[in-house]
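Heads up: the structure comes next, in structure tokens.
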Amino acid sequence: MEPEEILILVVKVFYPAVVIFGLPANALTLYILIRRRQRPSEAKTTPGLYLIALAVADSLVIIFIAFIETVVHFVILDQQVSFGGFCSWLITFDYGAHNASIWIIVVYTIERFIGVYFPIWKHKVSNPRTAKLTIAGVYVCSYLLALPHFFAEAPSTVQDGNRTIYRCYYVENLSAEYRLGLIWGQSILSYIIPYIVIIGFNGMIIYKLRTMRKIGPGLVRRMSEVTATGASTSVPPRAETSDSPQHPFLQKRLAKEIEKKGTQNGDESGSTDDGTNSRDKSRVTTRVEIHPRPRSSSSDNPDSSSDGDRKEALAPVETSPPTVSNSMATTTTESRQVSPMVSRGKARPDSLRARVLKTNSTRKRPTRSTNKPVVVLITISATFVLLWFPRLVIFLIVRTNNVGRYDNFSFSVAQDVASMMGLLNSAINVFLYAYADTRFRNDLVAILTCGKR
């Protein structure tokens with residue numbers, strides 16, 4: 001068998017397989033997503049709307065490009081029947097569905113990017129009304145931008161030996177500038193701009209999420225401990241240990257706290273103008289303040305005690321300060337120094353630090369299920385980039401080099417393989433959703449097994 005015959009056989013097997021598998025897969029995806037939209041928890045979210053629009057666009061790609069243009073015209077009719085006036089319409093529908101399939105991913109990427117980097121705008125962008133308007137605008141613009149192909153395509157014939165081949169091709173009197181503008185405009189619209197937006201924005205989304213997961217909880221917890229240390233006086237002092245946080249911000253904050261505390265202790269230990277210690281001077285109090293007098297059983301009787309006894313009980317009493325040795329005073333002064341770091345052990349339940357540590361300890365770490373829409377988006381975007389990359393390379397080779405040098409069988413094989421890989425992207429989204437979303441996978445398994453699992 002000749003290599004050309006092998007290539008034709010591969011084409012005749014691949015495209016019908018894509019139609020047979022892709023259309024039911026997209027229909028099943030639409031059924032699951034639409035049924036999920038009926039749930040109250042999903043009615044006000046936007047990811048389901050974008051995925052439904054993407055499934056519709058992929059189905060149109062399979063219908064117009066794979067089924068009508070390839071299976072019907074090439075496999076069944078063997079290019080022996082002309083489409084006539086339907087040629088220009090078919091090419092326009094092909095490019096319109098292709099543009100919509102790509103740009104739904106682009107606008108979904110932009111919507112997730114705004115939600116991650118600009119949360120203050122999220123309520124304006126990530127709502128069903130905005131999503132529906134955006135999707136409608138994408139479809140309208142996709143077909144409007146494909147409209148120039150309507151005036152550039154026409155049915156034509158090519159002689160291949162004794163047989164006549166009918167195909168849709170550029171009109172004969174089409175200017176070179178118009179044709180070159182169509183090729184570059186469609187390529188920039190379908191490959192270059194989407195690649196820049198999808199790779200750039202998804203890369204920034206991944207970086208932002210990794211940064212939030214890596215330093216967010218730990219840094220917030222450490223800053224909360226420092227703030228709580230300054231606000232709560234019930235935390236027992238403790239010397240710095242090896243497991244103390246060493247963040248520069250914490251060291252600077254704690255150094256200020258130590259200096260402030262040392263200044264306060266120096267003022268308290270100083271003498272007053274009359275030569276007496278301020279701490280000794282403040283030891284004058286009353287018996288009631290030191291030892292509150294219990295009320296006797298006869299306290300309700302106003303005659304049970306005399307006015308003199310009451311005055312004597314409330315009279316201030318001079319108390320002499322206790323004698324403190326120099327070693328004990330030194331120990332007391334040292335114990336009042338603020339610890340450079342706060343213990344990470346148990347804190348008193350009534351302290352602010354205990355409440356902060358309890359809140360941080362009960363906070364769950366982010367998992368993949370926390371950002372399911374982002375995971376699904378990144379999976380779809382990565383698959384699009386990988387499967388359409390060969391097509392982009394073929395385009396750049398053709399447009400930057402002499403096409404005559406590549407007018408051989410190897411280049412034809414490369415073009416056909418690149419086209420098949422790009423078309424495969426419209427038929428495998430059901431697998432991508434099942435891989436990235438646990439709920440979608442459970443719904444899919446329940447449908448395929450008729451609810452037995």
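Please note that chains go A, B, ... in the order of the structure tokens, that every chain numbers its residues from 1, and that ligands are numbered from 1 in the order shown.
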Practice prompt. Tell me, as a count of residues only, which residues lie within 12 Å of A:Val413, counting only C-alpha atoms; anything in the same chain fewer than 3 positions away does not count.
Written response: 20
Worksheet entry | Within 7 Å of stretch 175-191 of chain A using only C-alpha atoms, minus same-chain residues under 2 positions, as a list in words |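 Final neighbour list, sorted by chain and number: Asn99, Ile102, Asn173, Ile193, Pro194, Tyr195 and Leu392 of chain A.
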Put those residues in a file: N, CA and C atoms, as a PDB file, in the first residue's frame.
```pdb
ATOM      1  N   ASN A  99     -13.856  29.862  15.794  1.00  0.00           N
ATOM      2  CA  ASN A  99     -13.564  31.065  16.590  1.00  0.00           C
ATOM      3  C   ASN A  99     -14.288  31.036  17.927  1.00  0.00           C
ATOM      4  N   ILE A 102     -12.672  28.662  20.514  1.00  0.00           N
ATOM      5  CA  ILE A 102     -11.415  29.152  21.101  1.00  0.00           C
ATOM      6  C   ILE A 102     -11.669  30.324  22.034  1.00  0.00           C
ATOM      7  N   ASN A 173     -10.757  35.567  -9.013  1.00  0.00           N
ATOM      8  CA  ASN A 173     -10.373  36.975  -9.118  1.00  0.00           C
ATOM      9  C   ASN A 173     -10.094  37.624  -7.762  1.00  0.00           C
ATOM     10  N   ILE A 193      -3.214  35.457  19.316  1.00  0.00           N
ATOM     11  CA  ILE A 193      -3.810  36.171  20.455  1.00  0.00           C
ATOM     12  C   ILE A 193      -4.321  35.201  21.530  1.00  0.00           C
ATOM     13  N   PRO A 194      -5.067  34.149  21.175  1.00  0.00           N
ATOM     14  CA  PRO A 194      -5.484  33.202  22.233  1.00  0.00           C
ATOM     15  C   PRO A 194      -4.315  32.569  22.973  1.00  0.00           C
ATOM     16  N   TYR A 195      -3.232  32.245  22.272  1.00  0.00           N
ATOM     17  CA  TYR A 195      -2.078  31.660  22.940  1.00  0.00           C
ATOM     18  C   TYR A 195      -1.477  32.637  23.954  1.00  0.00           C
ATOM     19  N   LEU A 392      -0.142  25.644  14.865  1.00  0.00           N
ATOM     20  CA  LEU A 392       0.524  26.944  14.895  1.00  0.00           C
ATOM     21  C   LEU A 392       1.922  26.858  14.292  1.00  0.00           C
TER      22      LEU A 392
END
```
Item to complete: Return as a PyMOL selection string the full set of residues in stretch 8-62 of chain A whose backbone-based DSSP assignment is helix (DSSP H, G or I).
Response: chain A and resi 8-37+47-62
Worksheet item: Which of these, A:Tyr50, A:Leu145, A:Asp78, A:Arg35, has the shortest distance to A:Thr164 once you count only C-alpha atoms?
Response: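 Comparing A:Tyr50, A:Leu145, A:Asp78, A:Arg35 against A:Thr164, the winner is A:Asp78.
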Worksheet item: Of the candidates A:Thr383, A:Ser156, A:Thr211, A:Thr134, which shows the shortest atom-to-atom distance to A:Ile199, using only C-alpha atoms?
Response: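 Among the listed residues, A:Thr383 lies closest to A:Ile199.
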Worksheet item: If you count only C-alpha atoms, which residues fall within 8 Å of stretch 424-433 of chain A, apart from same-chain ones fewer than 2 positions away, as a PyMOL selection string?
Response: chain A and resi 18+21-23+25-26+29+55+58-59+61-62+376+379-380+383-384+387+420-422+435-437+440-441
Item to complete: For A:Pro47, work out the shell of residues within 8 Å, counting only C-alpha atoms and skipping chain neighbours fewer than 2 positions away, then give it as a PyMOL selection string.
Response: chain A and resi 45+49-51+108+373
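Proximity of A:Val56, A:Tyr31, A:Ala17, A:Phe201 to A:Leu444, computed with only C-alpha atoms, is greatest for A:Tyr31.
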